[in-house]
Amino acid sequence: MNFLTEIVLSAIIGLSIFLSYPFILMQKLNRKASLFLTAIAMGILIFLISDIFSDVTLILYDKTLYGYGTNLAYDILFTTSLFVGFFMLYAFEFRSKAELKPVHISLMISIGIGLQNLTEGLVFGSVANLIGFSGIALVIFTGFVIQNITEGFPIGVPFFGDKSNVKSFVPLLFLIGGLPTIIGGSLGYYFNSVNFDLIFDGLAIGSILYIIIAMGAIIFRDYEKSLKGSIYIGIFSGFLIGLIVNLF
């Protein structure tokens with residue numbers, strides 16, 4: 001596969017996030033539906049962390065200590081990236097005493113997803129260069145496209161009920177979440193390394209973890225007790241959606 005073809009395919013993966021945009025435009029939701037959909041988005045993000053870390057474990061854990069031994073240099077690199085990913089969003093939120101607006105929450109989510117998509121681009125670019133668009137590369141491409149469609153949902157959820165800003169900000173935030181796939185594809189086609197993967201996986205997990213905490217604080221802050229079951233089911237459903245999508 002030549003470089004131009006790989007870039008086009010990486011763009012399809014990254015920009016498939018826009019396929020969720022029509023759903024985000026649906027604004028006629030009551031409070032129960034809004035909380036339920038936010039909970040689903042939270043569940044999807046929880047699954048993304050588990051999905052990313054499953055890739056990290058393949059690097060961190062070697063064959064010593066019955067498979068549980070790790071490489072100290074890799075541990076330090078990953079942990080440092082995890083720390084940076086979490087606390088850069090912490091600094092972003094607490095730089096001001098004002099409450100976060102929907103656009104700020106969506107921005108944080110898009111940054112976390114963008115970091116995760118950068119690693120996806122690295123993987124796809126590397127595989128595409130090695131074997132072309134066939135076999136495992138085709139499977140990876142299909143899986144990443146399907147997964148990216150679901151990733152647009154968490155970015156748009158904070159705008160439910162905010163009709164004035166959804167059309168102004170969501171497309172830009174989708175680009176922040178999706179374009180890193182193209183950047184990663186470009187880098188991965190010519191160069192990839194274990195260190196790259198650990199750095200960006202750590203940044204992605206740290207930032208997504210912070211986002212999950214922030215979304216949880218919103219969901220459980222002023223909800224009616226009667227909605228508790230819907231929220232729990234929504235979180236579980238989001239995780240299940242991520243799992244099912246990842247099977248393809």
# chains A, B, ... in the order shown; residues from 1 in each chain; ligands from 1

call {"tool": "residues_around", "arguments": {"residues": "segment 108-125 of chain A", "least_positions_apart": "6", "cutoff": "7 Å", "atoms": "only C-alpha atoms", "output": "ChimeraX atom specification"}}
result
/A:6,10,89,137,140,155,173-174,176-178,180-189,192,197,200-201,203-204,207-208,211

call {"tool": "write_last_selection", "arguments": {"atoms": "N, CA and C atoms", "output": "mmCIF file, in the first residue's frame"}}
result
data_model
loop_
_atom_site.group_PDB
_atom_site.id
_atom_site.type_symbol
_atom_site.label_atom_id
_atom_site.label_comp_id
_atom_site.auth_asym_id
_atom_site.auth_seq_id
_atom_site.Cartn_x
_atom_site.Cartn_y
_atom_site.Cartn_z
ATOM 1 N N GLU A 6 -2.760 4.984 2.255
ATOM 2 C CA GLU A 6 -2.813 4.809 3.711
ATOM 3 C C GLU A 6 -3.382 6.050 4.396
ATOM 4 N N SER A 10 -6.712 6.214 6.637
ATOM 5 C CA SER A 10 -6.632 6.759 8.003
ATOM 6 C C SER A 10 -7.647 7.881 8.192
ATOM 7 N N LEU A 89 -5.558 17.688 32.346
ATOM 8 C CA LEU A 89 -6.975 18.042 32.383
ATOM 9 C C LEU A 89 -7.366 18.580 33.756
ATOM 10 N N ALA A 137 -4.954 -6.084 8.278
ATOM 11 C CA ALA A 137 -5.102 -4.642 8.072
ATOM 12 C C ALA A 137 -6.551 -4.285 7.767
ATOM 13 N N ILE A 140 -8.483 -4.560 11.043
ATOM 14 C CA ILE A 140 -8.187 -3.408 11.892
ATOM 15 C C ILE A 140 -8.924 -2.173 11.384
ATOM 16 N N ILE A 155 -18.435 12.806 22.953
ATOM 17 C CA ILE A 155 -18.082 14.206 22.705
ATOM 18 C C ILE A 155 -19.331 15.078 22.628
ATOM 19 N N LEU A 173 -14.924 19.937 17.553
ATOM 20 C CA LEU A 173 -14.489 18.974 18.567
ATOM 21 C C LEU A 173 -14.338 17.580 17.968
ATOM 22 N N PHE A 174 -15.192 17.251 16.997
ATOM 23 C CA PHE A 174 -15.042 15.974 16.294
ATOM 24 C C PHE A 174 -13.711 15.928 15.547
ATOM 25 N N ILE A 176 -10.974 17.484 16.470
ATOM 26 C CA ILE A 176 -9.944 17.289 17.492
ATOM 27 C C ILE A 176 -9.849 15.818 17.863
ATOM 28 N N GLY A 177 -10.996 15.146 17.917
ATOM 29 C CA GLY A 177 -10.998 13.729 18.258
ATOM 30 C C GLY A 177 -10.577 12.835 17.110
ATOM 31 N N GLY A 178 -10.895 13.220 15.858
ATOM 32 C CA GLY A 178 -10.665 12.338 14.725
ATOM 33 C C GLY A 178 -9.385 12.558 13.949
ATOM 34 N N PRO A 180 -6.283 13.235 14.802
ATOM 35 C CA PRO A 180 -5.059 12.543 15.241
ATOM 36 C C PRO A 180 -4.873 11.161 14.628
ATOM 37 N N THR A 181 -5.964 10.532 14.172
ATOM 38 C CA THR A 181 -5.830 9.243 13.496
ATOM 39 C C THR A 181 -4.988 9.387 12.243
ATOM 40 N N ILE A 182 -5.192 10.483 11.517
ATOM 41 C CA ILE A 182 -4.426 10.727 10.291
ATOM 42 C C ILE A 182 -2.964 11.005 10.630
ATOM 43 N N ILE A 183 -2.748 11.781 11.687
ATOM 44 C CA ILE A 183 -1.375 12.075 12.129
ATOM 45 C C ILE A 183 -0.672 10.781 12.530
ATOM 46 N N GLY A 184 -1.384 9.958 13.322
ATOM 47 C CA GLY A 184 -0.803 8.686 13.741
ATOM 48 C C GLY A 184 -0.536 7.771 12.559
ATOM 49 N N GLY A 185 -1.463 7.752 11.581
ATOM 50 C CA GLY A 185 -1.259 6.933 10.395
ATOM 51 C C GLY A 185 -0.034 7.352 9.612
ATOM 52 N N SER A 186 0.197 8.661 9.523
ATOM 53 C CA SER A 186 1.366 9.188 8.813
ATOM 54 C C SER A 186 2.660 8.773 9.501
ATOM 55 N N LEU A 187 2.676 8.903 10.829
ATOM 56 C CA LEU A 187 3.872 8.520 11.591
ATOM 57 C C LEU A 187 4.088 7.018 11.552
ATOM 58 N N GLY A 188 2.989 6.265 11.776
ATOM 59 C CA GLY A 188 3.108 4.818 11.855
ATOM 60 C C GLY A 188 3.534 4.177 10.550
ATOM 61 N N TYR A 189 3.221 4.805 9.424
ATOM 62 C CA TYR A 189 3.591 4.248 8.121
ATOM 63 C C TYR A 189 5.109 4.186 7.965
ATOM 64 N N ASN A 192 7.383 3.608 13.892
ATOM 65 C CA ASN A 192 6.588 3.294 15.080
ATOM 66 C C ASN A 192 7.500 2.616 16.081
ATOM 67 N N ASP A 197 3.918 3.973 21.526
ATOM 68 C CA ASP A 197 2.648 3.374 21.935
ATOM 69 C C ASP A 197 2.386 3.604 23.426
ATOM 70 N N PHE A 200 1.522 7.492 24.237
ATOM 71 C CA PHE A 200 0.187 7.961 23.846
ATOM 72 C C PHE A 200 -0.928 7.141 24.483
ATOM 73 N N ASP A 201 -0.683 5.865 24.730
ATOM 74 C CA ASP A 201 -1.679 5.074 25.466
ATOM 75 C C ASP A 201 -1.819 5.587 26.893
ATOM 76 N N LEU A 203 -1.158 8.679 27.981
ATOM 77 C CA LEU A 203 -1.840 9.973 27.915
ATOM 78 C C LEU A 203 -3.343 9.790 27.723
ATOM 79 N N ALA A 204 -3.712 8.851 26.844
ATOM 80 C CA ALA A 204 -5.132 8.613 26.569
ATOM 81 C C ALA A 204 -5.855 8.071 27.793
ATOM 82 N N SER A 207 -6.194 10.813 30.581
ATOM 83 C CA SER A 207 -7.169 11.853 30.270
ATOM 84 C C SER A 207 -8.597 11.303 30.283
ATOM 85 N N ILE A 208 -8.798 10.104 29.745
ATOM 86 C CA ILE A 208 -10.138 9.518 29.744
ATOM 87 C C ILE A 208 -10.588 9.202 31.169
ATOM 88 N N ILE A 211 -11.892 12.325 32.599
ATOM 89 C CA ILE A 211 -13.186 12.653 32.002
ATOM 90 C C ILE A 211 -14.301 11.836 32.642
#

call {"tool": "select_by_dssp", "arguments": {"residues": "segment 8-237 of chain A", "states": "helix (DSSP H, G or I)", "output": "ChimeraX atom specification"}}
result
/A:8-24,31-60,65-67,72-94,102-131,136-159,163-178,180-190,194-219,225-237

call {"tool": "closest_residue", "arguments": {"among": "A:Ala73, A:Ile24, A:Ala128, A:Leu82", "to": "Ala41 of chain A", "atoms": "only C-alpha atoms"}}
result
A:Ile24

call {"tool": "closest_residue", "arguments": {"among": "A:Ala214, A:Ile12, A:Leu198, A:Leu19", "to": "Glu151 of chain A", "atoms": "only C-alpha atoms"}}
result
A:Leu19

call {"tool": "closest_residue", "arguments": {"among": "A:Ile7, A:Val170, A:Val194, A:Ile105", "to": "Tyr210 of chain A", "atoms": "only C-alpha atoms"}}
result
A:Ile105

call {"tool": "atom_distance", "arguments": {"atom1": "atom CA of Gly152 of chain A", "atom2": "atom CA of Ile205 of chain A"}}
result
17.2 Å

call {"tool": "residues_around", "arguments": {"residues": "Met1 of chain A", "least_positions_apart": "3", "cutoff": "9 Å", "atoms": "only C-alpha atoms", "output": "PyMOL selection string"}}
result
chain A and resi 4-6+128-133
